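Novice: Sharing start.cif below, mmCIF, C-alpha atoms:
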data_upload
loop_
_atom_site.label_atom_id
_atom_site.label_comp_id
_atom_site.auth_asym_id
_atom_site.auth_seq_id
_atom_site.Cartn_x
_atom_site.Cartn_y
_atom_site.Cartn_z
CA MET G 1 16.07 39.45 33.97
CA ALA G 2 14.28 36.12 33.65
CA ALA G 3 15.65 33.83 30.97
CA LEU G 4 14.40 31.08 28.71
CA ASP G 5 16.89 29.48 26.33
CA TRP G 6 15.09 29.60 22.98
CA ARG G 7 17.38 27.08 21.32
CA GLU G 8 17.04 24.53 24.12
CA THR G 9 13.29 25.11 24.04
CA LEU G 10 13.15 24.60 20.28
CA ALA G 11 15.11 21.36 20.56
CA GLU G 12 12.60 20.08 23.11
CA LEU G 13 9.61 21.09 20.98
CA VAL G 14 11.05 19.48 17.83
CA ALA G 15 11.61 16.25 19.76
CA HIS G 16 7.88 15.97 20.44
CA ARG G 17 5.85 14.40 17.64
CA THR G 18 2.93 16.78 17.09
CA VAL G 19 1.83 15.72 13.61
CA SER G 20 -1.68 16.65 12.47
CA SER G 21 -3.11 14.37 9.80
CA GLY G 22 -6.42 13.11 8.50
CA ASP G 23 -4.85 9.65 8.65
CA PRO G 24 -5.37 8.32 12.21
CA ALA G 25 -2.20 6.26 11.87
CA LEU G 26 -0.14 9.46 11.54
CA ASP G 27 -2.12 11.89 13.70
CA CYS G 28 -0.61 12.83 17.08
CA GLY G 29 -1.61 14.99 20.01
CA ASN G 30 0.30 18.07 21.10
CA ARG G 31 -0.34 17.95 24.84
CA ALA G 32 3.13 16.72 25.85
CA ALA G 33 4.83 19.49 23.87
CA ILE G 34 2.45 22.13 25.22
CA GLU G 35 2.94 20.94 28.81
CA ALA G 36 6.72 21.02 28.39
CA LEU G 37 6.54 24.63 27.18
CA ALA G 38 4.05 25.59 29.88
CA ASP G 39 6.33 24.14 32.57
CA ARG G 40 9.14 26.41 31.39
CA LEU G 41 6.89 29.47 31.29
CA ASP G 42 5.14 28.74 34.59
CA ALA G 43 8.52 28.60 36.35
CA LEU G 44 9.17 32.16 35.14
CA GLY G 45 5.89 33.53 36.41
CA PHE G 46 3.59 33.23 33.39
CA ASP G 47 -0.08 32.52 34.06
CA CYS G 48 -0.60 29.40 31.93
CA VAL G 49 -3.99 28.00 30.94
CA ILE G 50 -4.21 24.76 28.93
CA THR G 51 -7.54 23.99 27.29
CA PRO G 52 -8.26 20.72 25.44
CA LEU G 53 -10.25 20.59 22.22
CA ALA G 54 -13.70 19.06 22.52
CA GLY G 55 -13.42 15.29 22.43
CA ARG G 56 -9.60 15.33 22.16
CA ALA G 57 -7.86 15.50 25.52
CA ASP G 58 -4.50 15.04 23.79
CA LYS G 59 -4.94 18.18 21.64
CA VAL G 60 -4.81 21.45 23.56
CA ASN G 61 -4.43 25.21 23.29
CA LEU G 62 -2.10 27.18 25.55
CA VAL G 63 -2.56 30.76 26.71
CA ALA G 64 0.46 31.95 28.74
CA ARG G 65 0.20 35.53 29.99
CA LEU G 66 2.32 38.14 31.73
CA GLY G 67 0.50 41.15 33.15
CA ASP G 68 -3.06 42.13 33.95
CA ALA G 69 -5.57 39.84 32.19
CA ASP G 70 -8.33 42.44 32.61
CA ARG G 71 -6.54 44.74 30.16
CA ALA G 72 -5.85 42.10 27.52
CA ALA G 73 -8.80 42.78 25.21
CA GLU G 74 -8.26 46.53 25.15
CA ALA G 75 -4.48 46.74 24.88
CA GLY G 76 -2.72 43.39 25.10
CA LEU G 77 -0.13 42.03 22.67
CA VAL G 78 -0.19 38.37 21.61
CA PHE G 79 2.52 36.27 19.98
CA ALA G 80 0.69 33.34 18.35
CA GLY G 81 1.72 30.07 16.73
CA HIS G 82 0.57 26.49 16.22
CA MET G 83 2.37 23.55 17.76
CA ASP G 84 1.35 20.94 15.19
CA THR G 85 3.28 20.00 12.07
CA VAL G 86 2.47 18.18 8.86
CA PRO G 87 3.61 14.54 8.46
CA CYS G 88 7.09 13.90 7.11
CA ASP G 89 8.89 11.27 5.07
CA ALA G 90 11.95 10.58 7.22
CA GLU G 91 13.78 8.94 4.31
CA GLY G 92 13.82 12.29 2.50
CA TRP G 93 15.74 13.97 5.34
CA ASP G 94 19.49 14.19 5.77
CA SER G 95 19.07 14.09 9.56
CA ASP G 96 16.50 12.92 12.10
CA PRO G 97 13.48 15.22 11.65
CA PHE G 98 12.75 14.97 15.39
CA THR G 99 16.23 16.02 16.49
CA LEU G 100 17.26 19.67 16.11
CA SER G 101 20.56 19.81 14.23
CA GLU G 102 22.75 22.62 12.89
CA ARG G 103 24.66 22.66 9.64
CA GLY G 104 25.51 25.31 7.09
CA GLY G 105 24.06 28.18 9.10
CA ARG G 106 20.67 26.51 9.49
CA LEU G 107 18.73 24.69 12.19
CA TYR G 108 17.05 21.57 10.84
CA GLY G 109 14.05 19.79 12.34
CA LEU G 110 10.38 19.16 11.66
CA GLY G 111 8.54 22.33 12.62
CA SER G 112 11.68 24.47 12.86
CA CYS G 113 10.30 26.75 10.13
CA ASP G 114 6.56 26.09 10.46
CA MET G 115 6.39 27.08 13.25
CA LYS G 116 8.04 25.80 16.41
CA GLY G 117 10.99 28.07 15.70
CA PHE G 118 8.85 31.17 16.11
CA ILE G 119 7.18 29.76 19.23
CA ALA G 120 10.57 29.21 20.88
CA LEU G 121 11.83 32.66 19.89
CA ALA G 122 8.62 34.38 21.03
CA ALA G 123 8.71 32.50 24.33
CA GLY G 124 12.33 33.52 24.83
CA VAL G 125 11.65 37.20 24.17
CA ALA G 126 8.49 37.22 26.29
CA ALA G 127 10.41 35.64 29.17
CA GLU G 128 12.77 38.61 29.18
CA TYR G 129 9.85 40.68 30.51
CA ALA G 130 8.74 38.27 33.25
CA ASP G 131 10.18 40.52 35.97
CA THR G 132 9.09 43.78 34.32
CA ALA G 133 6.07 45.94 35.10
CA LEU G 134 3.94 45.98 31.95
CA ALA G 135 1.47 48.69 30.97
CA ALA G 136 -0.44 46.09 28.92
CA PRO G 137 -0.31 42.28 29.10
CA LEU G 138 1.92 40.14 26.92
CA THR G 139 0.57 36.73 25.91
CA LEU G 140 1.93 33.65 24.16
CA LEU G 141 -0.86 31.78 22.37
CA VAL G 142 -0.12 28.29 21.06
CA SER G 143 -2.87 26.46 19.20
CA ALA G 144 -3.65 22.89 18.16
CA ASP G 145 -4.47 21.32 14.80
CA GLU G 146 -3.84 24.27 12.50
CA GLU G 147 -2.53 22.06 9.72
CA CYS G 148 -5.70 19.99 9.32
CA GLY G 149 -8.71 22.11 10.20
CA MET G 150 -7.58 25.07 12.35
CA ASP G 151 -9.56 23.44 15.15
CA GLY G 152 -7.60 25.17 17.89
CA ALA G 153 -8.35 28.62 16.47
CA ARG G 154 -11.99 27.66 15.94
CA ALA G 155 -12.23 26.60 19.60
CA LEU G 156 -10.81 29.94 20.73
CA LEU G 157 -13.32 31.78 18.57
CA GLU G 158 -16.19 29.67 19.89
CA ALA G 159 -15.12 30.43 23.47
CA GLY G 160 -15.27 34.11 22.54
CA VAL G 161 -12.56 35.33 24.92
CA SER G 162 -9.94 37.48 23.25
CA PRO G 163 -6.41 36.99 24.62
CA GLY G 164 -5.33 40.44 23.40
CA ARG G 165 -5.94 43.47 21.22
CA TYR G 166 -3.01 42.97 18.82
CA CYS G 167 -1.66 39.66 17.53
CA VAL G 168 1.51 38.66 15.65
CA ILE G 169 1.22 35.20 14.09
CA GLY G 170 4.68 33.83 13.38
CA GLU G 171 4.04 31.81 10.24
CA PRO G 172 6.99 31.68 7.83
CA THR G 173 7.04 35.02 5.96
CA GLY G 174 10.78 35.68 5.73
CA LEU G 175 10.45 38.63 8.16
CA VAL G 176 7.97 40.40 5.85
CA PRO G 177 4.71 41.56 7.48
CA ILE G 178 1.55 40.15 5.91
CA ARG G 179 -1.85 41.77 6.43
CA ARG G 180 -3.90 39.93 3.77
CA HIS G 181 -4.19 36.37 2.59
CA LYS G 182 -6.61 34.19 0.70
CA GLY G 183 -9.23 31.91 2.18
CA ILE G 184 -9.55 28.26 1.28
CA LEU G 185 -12.23 25.64 0.90
CA MET G 186 -11.91 22.03 -0.18
CA GLU G 187 -14.67 19.94 -1.67
CA ARG G 188 -15.12 16.33 -2.75
CA ILE G 189 -17.28 15.66 -5.82
CA GLU G 190 -18.48 12.13 -6.58
CA THR G 191 -20.30 10.94 -9.67
CA LEU G 192 -22.33 7.80 -9.07
CA GLY G 193 -23.34 5.67 -12.04
CA ALA G 194 -23.84 1.96 -12.68
CA SER G 195 -21.31 -0.71 -13.67
CA GLY G 196 -21.66 -2.92 -16.71
CA HIS G 197 -19.76 -4.66 -19.50
CA SER G 198 -17.76 -2.18 -21.58
CA SER G 199 -18.93 -3.76 -24.84
CA ASN G 200 -22.31 -2.06 -24.48
CA PRO G 201 -22.50 1.45 -22.93
CA ALA G 202 -26.25 1.02 -22.44
CA LEU G 203 -25.59 -1.61 -19.79
CA GLY G 204 -24.35 0.98 -17.29
CA ALA G 205 -23.86 4.65 -16.48
CA ASN G 206 -20.24 5.80 -16.86
CA ALA G 207 -19.19 7.80 -13.79
CA ILE G 208 -15.98 8.98 -15.46
CA ASP G 209 -18.01 10.43 -18.33
CA GLY G 210 -20.12 12.17 -15.71
CA MET G 211 -17.02 13.55 -14.03
CA HIS G 212 -15.80 14.80 -17.41
CA LEU G 213 -18.87 17.06 -17.49
CA ALA G 214 -18.21 18.16 -13.91
CA ILE G 215 -14.59 19.01 -14.72
CA ALA G 216 -15.65 21.09 -17.71
CA ALA G 217 -17.95 23.09 -15.44
CA LEU G 218 -15.20 23.55 -12.85
CA ARG G 219 -12.71 24.71 -15.48
CA ALA G 220 -15.23 27.27 -16.73
CA LEU G 221 -15.76 28.51 -13.17
CA ARG G 222 -11.99 28.74 -12.70
CA GLU G 223 -11.64 30.98 -15.75
CA GLU G 224 -14.48 33.20 -14.53
CA LEU G 225 -12.89 33.56 -11.10
CA ILE G 226 -9.70 34.83 -12.71
CA GLU G 227 -11.60 37.69 -14.30
CA ARG G 228 -14.19 38.27 -11.58
CA ALA G 229 -12.12 39.98 -8.91
CA PRO G 230 -8.45 40.54 -9.77
CA ALA G 231 -6.49 41.58 -6.68
CA ILE G 232 -3.35 43.69 -6.82
CA GLY G 233 -0.63 42.71 -4.37
CA TYR G 234 -1.10 38.96 -4.26
CA PRO G 235 1.55 36.69 -5.81
CA VAL G 236 -1.32 35.07 -7.74
CA PRO G 237 -3.68 38.03 -8.22
CA HIS G 238 -6.96 36.14 -8.41
CA ALA G 239 -8.86 33.22 -6.91
CA THR G 240 -7.60 29.76 -7.87
CA LEU G 241 -9.39 26.44 -8.30
CA ASN G 242 -7.19 23.35 -8.28
CA LEU G 243 -8.34 19.89 -9.39
CA GLY G 244 -6.16 18.06 -6.91
CA ALA G 245 -6.97 14.35 -6.79
CA ILE G 246 -9.11 12.03 -8.89
CA ALA G 247 -9.96 8.32 -8.80
CA GLY G 248 -12.50 6.24 -10.69
CA GLY G 249 -13.12 2.82 -12.16
CA ASP G 250 -11.26 -0.41 -11.64
CA ASN G 251 -10.79 -2.09 -15.02
CA ALA G 252 -10.62 -1.06 -18.67
CA ASN G 253 -13.37 -3.47 -19.73
CA ARG G 254 -15.87 -2.43 -17.06
CA ILE G 255 -18.12 0.65 -17.05
CA PRO G 256 -17.07 2.62 -13.96
CA ALA G 257 -19.80 3.12 -11.39
CA ARG G 258 -18.00 5.72 -9.30
CA CYS G 259 -15.56 8.59 -9.76
CA ARG G 260 -14.20 10.97 -7.14
CA LEU G 261 -12.57 14.38 -7.53
CA ASP G 262 -11.11 16.53 -4.73
CA VAL G 263 -10.73 20.25 -5.37
CA ASP G 264 -9.11 23.18 -3.59
CA LEU G 265 -10.48 26.73 -4.04
CA ARG G 266 -8.49 29.71 -2.71
CA PHE G 267 -10.35 32.98 -2.67
CA LEU G 268 -9.93 36.67 -1.92
CA PRO G 269 -11.19 38.94 0.86
CA GLY G 270 -14.78 39.89 0.10
CA MET G 271 -15.61 36.37 -1.11
CA THR G 272 -17.31 33.97 1.31
CA ILE G 273 -17.00 30.24 1.82
CA GLY G 274 -20.75 29.63 1.72
CA ALA G 275 -21.41 31.54 -1.49
CA LEU G 276 -18.48 29.95 -3.32
CA ARG G 277 -19.34 26.43 -2.18
CA ASP G 278 -22.95 26.93 -3.27
CA GLU G 279 -21.86 28.23 -6.66
CA LEU G 280 -19.46 25.34 -7.22
CA ARG G 281 -22.17 22.81 -6.40
CA GLU G 282 -24.75 24.55 -8.56
CA ARG G 283 -22.40 24.63 -11.58
CA VAL G 284 -21.58 20.93 -11.31
CA THR G 285 -25.18 19.92 -10.69
CA ALA G 286 -26.32 21.86 -13.74
CA ALA G 287 -23.60 20.28 -15.87
CA LEU G 288 -24.87 16.79 -15.01
CA ALA G 289 -28.56 17.59 -15.45
CA GLY G 290 -30.03 14.93 -17.73
CA HIS G 291 -27.01 12.63 -17.33
CA ASP G 292 -27.48 9.10 -16.03
CA CYS G 293 -25.10 9.70 -13.13
CA GLU G 294 -25.98 11.21 -9.78
CA VAL G 295 -23.62 13.70 -8.15
CA ARG G 296 -22.71 13.93 -4.48
CA PHE G 297 -20.78 16.66 -2.64
CA THR G 298 -18.82 16.43 0.60
CA GLU G 299 -16.94 19.15 2.50
CA LEU G 300 -13.35 17.97 2.94
CA PHE G 301 -13.18 20.57 5.68
CA GLU G 302 -15.27 23.54 6.69
CA GLY G 303 -12.94 26.10 5.15
CA THR G 304 -10.82 29.03 6.28
CA PRO G 305 -11.97 32.61 5.64
CA ALA G 306 -9.85 35.11 3.77
CA PHE G 307 -7.88 37.43 6.05
CA GLU G 308 -7.39 41.18 5.97
CA THR G 309 -6.22 43.67 8.58
CA GLU G 310 -6.66 47.31 7.65
CA ALA G 311 -3.59 49.08 6.30
CA ASP G 312 -3.92 51.86 8.88
CA SER G 313 -3.87 49.48 11.86
CA ARG G 314 -1.43 50.51 14.57
CA LEU G 315 0.05 47.00 14.51
CA VAL G 316 0.57 47.03 10.74
CA ALA G 317 2.39 50.36 11.02
CA ALA G 318 4.58 49.08 13.84
CA CYS G 319 5.53 45.91 11.97
CA GLU G 320 6.32 47.88 8.82
CA ALA G 321 8.55 50.27 10.78
CA LEU G 322 10.39 47.49 12.62
CA THR G 323 10.98 45.37 9.51
CA GLY G 324 11.52 48.19 7.03
CA ARG G 325 9.07 46.42 4.70
CA SER G 326 5.58 47.34 3.56
CA ALA G 327 2.90 44.84 4.49
CA GLU G 328 2.12 42.37 1.71
CA ALA G 329 -0.39 39.67 0.74
CA VAL G 330 0.13 35.91 0.36
CA ASP G 331 -1.75 33.00 -1.16
CA PHE G 332 -1.46 30.55 1.77
CA GLY G 333 -3.84 30.52 4.74
CA THR G 334 -3.37 31.08 8.48
CA GLU G 335 -5.40 31.47 11.68
CA GLY G 336 -5.48 35.23 11.16
CA ALA G 337 -9.14 35.52 10.13
CA PHE G 338 -10.25 33.68 13.29
CA TYR G 339 -8.15 35.92 15.52
CA ASN G 340 -9.38 39.06 13.80
CA ARG G 341 -12.93 37.90 14.49
CA LEU G 342 -11.97 37.76 18.17
CA GLY G 343 -11.28 41.48 18.01
CA MET G 344 -7.52 41.34 17.49
CA ASP G 345 -5.74 43.24 14.76
CA SER G 346 -3.44 40.54 13.41
CA VAL G 347 -0.29 40.55 11.31
CA ILE G 348 1.46 37.46 9.95
CA LEU G 349 5.21 37.83 10.55
CA GLY G 350 7.77 35.13 11.18
CA PRO G 351 11.41 34.18 10.55
CA GLY G 352 10.89 31.06 8.44
CA ASP G 353 10.71 30.70 4.68
CA ILE G 354 7.47 29.28 3.25
CA ARG G 355 9.49 27.63 0.45
CA CYS G 356 10.95 25.10 2.89
CA ALA G 357 7.80 24.53 4.92
CA HIS G 358 6.16 21.08 4.49
CA GLN G 359 9.37 19.86 2.83
CA PRO G 360 12.12 17.37 3.73
CA ASN G 361 15.03 19.09 5.50
CA GLU G 362 12.78 21.84 6.86
CA HIS G 363 14.99 24.45 8.49
CA LEU G 364 15.32 27.90 10.04
CA ASP G 365 18.17 30.13 8.91
CA LEU G 366 20.31 31.29 11.83
CA ASP G 367 20.66 34.77 10.36
CA ARG G 368 16.90 35.27 10.85
CA ILE G 369 17.11 34.77 14.63
CA GLU G 370 18.47 38.11 15.78
CA PRO G 371 16.24 40.19 13.46
CA MET G 372 13.16 38.31 14.68
CA GLN G 373 14.12 38.85 18.30
CA ARG G 374 14.70 42.55 17.64
CA ILE G 375 11.27 42.90 16.01
CA LEU G 376 9.55 41.10 18.87
CA ARG G 377 11.29 43.22 21.49
CA GLY G 378 10.36 46.36 19.58
CA LEU G 379 6.71 45.30 19.59
CA VAL G 380 6.77 44.59 23.33
CA GLU G 381 8.32 47.95 24.04
CA GLN G 382 5.71 49.74 21.95
CA PHE G 383 2.58 47.80 22.93
CA CYS G 384 3.28 46.53 26.45
CA ARG G 385 5.83 48.87 27.99
CA SER G 386 4.44 52.17 26.72
CA SER G 387 1.31 53.56 28.37
CA THR G 388 0.11 55.16 25.11
#
Taking this structure as input, can you express it in the form of structure tokens?
Specialist:
Amino acid sequence: MAALDWRETLAELVAHRTVSSGDPALDCGNRAAIEALADRLDALGFDCVITPLAGRADKVNLVARLGDADRAAEAGLVFAGHMDTVPCDAEGWDSDPFTLSERGGRLYGLGSCDMKGFIALAAGVAAEYADTALAAPLTLLVSADEECGMDGARALLEAGVSPGRYCVIGEPTGLVPIRRHKGILMERIETLGASGHSSNPALGANAIDGMHLAIAALRALREELIERAPAIGYPVPHATLNLGAIAGGDNANRIPARCRLDVDLRFLPGMTIGALRDELRERVTAALAGHDCEVRFTELFEGTPAFETEADSRLVAACEALTGRSAEAVDFGTEGAFYNRLGMDSVILGPGDIRCAHQPNEHLDLDRIEPMQRILRGLVEQFCRSST
């Protein structure tokens, strides 16, 4: 049996800085980490294809396959994860975030939970089948830039080539299968007025006053969304609209000419990014009609669709049986909607805990390792070893 040491692999992946950030000073590529993983897999007989994102040679996707590629779209099984992490504040850690360390029954390191830990475990389990005849192909898919814009998944969708029929995405779910999650869009709203001396309001147009009207409209929309489409099964059973960051003005005795508000809207399956963005803009525009300020809108990023795999999917049933848990819904987003659009039934299922993701001292509990390996092996046996 071929072997790949998952813990050694995880240590190597954690050591690579693969931060995704809108701040160019923090943003890193993932190519070195992907090439290190591909080298390990290639030595075991995987067919590895590395594809860079358009205009970013240092950011790449990896497709590493065992078995007949011609059967992938009809029957193949994919283990999927993203190699990038969020930035970290090293001073908040009790150990080096780029060195895998063990203490108290946990493995600590940036990405250990979200989601290099799953990638290493999935690679280790897949490697066990490198010398085995497979009835359907087994593929490891590792994407770029999930944390900022899901650009790696978008590139795969644009290419239009499905790496498999069934896909397990190892985001941190605490070993609970997830078949539904919310979508997300983010929008920047700017009110543009005119500066002047604060002693006479007529000398300017107060952008903060204009934003006050915009916020009132957004709060009204938020309350309507709560009632519009309640959804059983989600931790927060309705769409949410968060007013996340605001900035305006520069001095108390000056009429502010500009104010900026960034918002985050998380929505349910059946709702669409385009319709919600249009409605948000229409509400704010109407609220400022007749006001001296202009309003400007900017997409902070394109948005991620809501995700849903049917409850009667063969993969959902298999994951429920192997975990002993019914599939659930979550409020955070993943690449699942993009992979479903490629023709894959997808389930979100990983060993990490979302409560420690994006936090100092991110970790993976050691007692999650063996159950995750057992689940992955069970899926390979059912989807790649069986001819049914």
Novice: At what distance in Å, to one decimal, does atom CA of Glu12 of chain G lie from atom CA of Ala36 of chain G?
Specialist: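 Going from atom CA of Ala36 of chain G over to atom CA of Glu12 of chain G covers 8.0 Å.
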Novice: Rank nothing, just name the residue among G:His212, G:Arg281, G:Arg31, G:Lys182 nearest to Ala239 of chain G, using all atoms listed in the file.
Specialist: G:Lys182
Novice: One number please: atom CA of Val19 of chain G to atom CA of Gly170 of chain G, in Å, one decimal.
Specialist: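 Going from atom CA of Val19 of chain G over to atom CA of Gly170 of chain G, I get 18.3 Å.
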Novice: How close does segment 293-342 of chain G get to segment 185-208 of chain G? List, as a Markdown table, each residue of segment 293-342 of chain G within 7 Å, its nearest atom pair and the distance in Å to one decimal, counting all atoms listed in the file.
Specialist:
| residue | atom | partner | partner_atom | distance |
| --- | --- | --- | --- | --- |
| G:Cys293 | CA | G:Gly193 | CA | 4.5 |
| G:Glu294 | CA | G:Leu192 | CA | 5.0 |
| G:Val295 | CA | G:Thr191 | CA | 4.6 |
| G:Arg296 | CA | G:Glu190 | CA | 5.1 |
| G:Phe297 | CA | G:Ile189 | CA | 4.8 |
| G:Thr298 | CA | G:Arg188 | CA | 5.0 |
| G:Glu299 | CA | G:Glu187 | CA | 4.8 |
| G:Leu300 | CA | G:Glu187 | CA | 5.2 |
| G:Phe301 | CA | G:Met186 | CA | 6.2 |
| G:Glu302 | CA | G:Leu185 | CA | 6.9 |
| G:Gly303 | CA | G:Leu185 | CA | 4.3 |
| G:Thr304 | CA | G:Leu185 | CA | 6.5 |
Novice: Skipping near chain neighbours, those fewer than 6 positions away, what residues fall within 10 Å of Leu41 of chain G using only C-alpha atoms, listed as number ranges by chain?
Specialist: G: 3-4, 35, 47-48, 64-66, 123-124, 126-127, 130, 140
Novice: Just so the selection is clear, what residues does the PyMOL selection byres ((chain G and resi 379) around 9) cover here, as a VMD selection string?
Specialist: chain G and resid 77 315 318 to 319 322 374 to 378 380 to 384
Novice: Please fill the gaps in segment 239-257 of chain G so it has N, CA and C atoms, and write that as a PDB file, in the frame of the given file.
Specialist:
ATOM      1  N   ALA G 239      -8.499  34.499  -7.524  1.00  0.00           N
ATOM      2  CA  ALA G 239      -8.860  33.220  -6.910  1.00  0.00           C
ATOM      3  C   ALA G 239      -8.346  32.067  -7.774  1.00  0.00           C
ATOM      4  N   THR G 240      -8.079  30.939  -7.147  1.00  0.00           N
ATOM      5  CA  THR G 240      -7.600  29.760  -7.870  1.00  0.00           C
ATOM      6  C   THR G 240      -8.465  28.555  -7.522  1.00  0.00           C
ATOM      7  N   LEU G 241      -8.626  27.669  -8.487  1.00  0.00           N
ATOM      8  CA  LEU G 241      -9.390  26.440  -8.300  1.00  0.00           C
ATOM      9  C   LEU G 241      -8.544  25.288  -8.828  1.00  0.00           C
ATOM     10  N   ASN G 242      -8.083  24.440  -7.920  1.00  0.00           N
ATOM     11  CA  ASN G 242      -7.190  23.350  -8.280  1.00  0.00           C
ATOM     12  C   ASN G 242      -7.931  22.014  -8.251  1.00  0.00           C
ATOM     13  N   LEU G 243      -7.830  21.250  -9.346  1.00  0.00           N
ATOM     14  CA  LEU G 243      -8.340  19.890  -9.390  1.00  0.00           C
ATOM     15  C   LEU G 243      -7.224  18.992  -8.864  1.00  0.00           C
ATOM     16  N   GLY G 244      -7.329  18.583  -7.591  1.00  0.00           N
ATOM     17  CA  GLY G 244      -6.160  18.060  -6.910  1.00  0.00           C
ATOM     18  C   GLY G 244      -5.993  16.565  -6.889  1.00  0.00           C
ATOM     19  N   ALA G 245      -7.088  15.804  -6.859  1.00  0.00           N
ATOM     20  CA  ALA G 245      -6.970  14.350  -6.790  1.00  0.00           C
ATOM     21  C   ALA G 245      -8.205  13.733  -7.425  1.00  0.00           C
ATOM     22  N   ILE G 246      -7.989  12.664  -8.208  1.00  0.00           N
ATOM     23  CA  ILE G 246      -9.110  12.030  -8.890  1.00  0.00           C
ATOM     24  C   ILE G 246      -8.908  10.513  -8.879  1.00  0.00           C
ATOM     25  N   ALA G 247     -10.016   9.792  -8.757  1.00  0.00           N
ATOM     26  CA  ALA G 247      -9.960   8.320  -8.800  1.00  0.00           C
ATOM     27  C   ALA G 247     -11.301   7.815  -9.308  1.00  0.00           C
ATOM     28  N   GLY G 248     -11.253   6.798 -10.183  1.00  0.00           N
ATOM     29  CA  GLY G 248     -12.500   6.240 -10.690  1.00  0.00           C
ATOM     30  C   GLY G 248     -12.253   4.965 -11.471  1.00  0.00           C
ATOM     31  N   GLY G 249     -13.209   4.064 -11.396  1.00  0.00           N
ATOM     32  CA  GLY G 249     -13.120   2.820 -12.160  1.00  0.00           C
ATOM     33  C   GLY G 249     -12.140   1.840 -11.573  1.00  0.00           C
ATOM     34  N   ASP G 250     -12.170   0.622 -12.128  1.00  0.00           N
ATOM     35  CA  ASP G 250     -11.260  -0.410 -11.640  1.00  0.00           C
ATOM     36  C   ASP G 250     -10.707  -1.303 -12.737  1.00  0.00           C
ATOM     37  N   ASN G 251     -11.297  -1.222 -13.958  1.00  0.00           N
ATOM     38  CA  ASN G 251     -10.790  -2.090 -15.020  1.00  0.00           C
ATOM     39  C   ASN G 251     -11.200  -1.498 -16.366  1.00  0.00           C
ATOM     40  N   ALA G 252     -10.350  -1.670 -17.373  1.00  0.00           N
ATOM     41  CA  ALA G 252     -10.620  -1.060 -18.670  1.00  0.00           C
ATOM     42  C   ALA G 252     -11.876  -1.611 -19.336  1.00  0.00           C
ATOM     43  N   ASN G 253     -12.233  -2.860 -19.048  1.00  0.00           N
ATOM     44  CA  ASN G 253     -13.370  -3.470 -19.730  1.00  0.00           C
ATOM     45  C   ASN G 253     -14.645  -3.458 -18.890  1.00  0.00           C
ATOM     46  N   ARG G 254     -14.689  -2.558 -17.890  1.00  0.00           N
ATOM     47  CA  ARG G 254     -15.870  -2.430 -17.060  1.00  0.00           C
ATOM     48  C   ARG G 254     -16.321  -0.981 -17.016  1.00  0.00           C
ATOM     49  N   ILE G 255     -17.591  -0.711 -17.170  1.00  0.00           N
ATOM     50  CA  ILE G 255     -18.120   0.650 -17.050  1.00  0.00           C
ATOM     51  C   ILE G 255     -17.979   1.078 -15.590  1.00  0.00           C
ATOM     52  N   PRO G 256     -17.305   2.212 -15.342  1.00  0.00           N
ATOM     53  CA  PRO G 256     -17.070   2.620 -13.960  1.00  0.00           C
ATOM     54  C   PRO G 256     -18.337   3.172 -13.311  1.00  0.00           C
ATOM     55  N   ALA G 257     -18.606   2.698 -12.104  1.00  0.00           N
ATOM     56  CA  ALA G 257     -19.800   3.120 -11.390  1.00  0.00           C
ATOM     57  C   ALA G 257     -19.557   4.309 -10.481  1.00  0.00           C
TER      58      ALA G 257
END
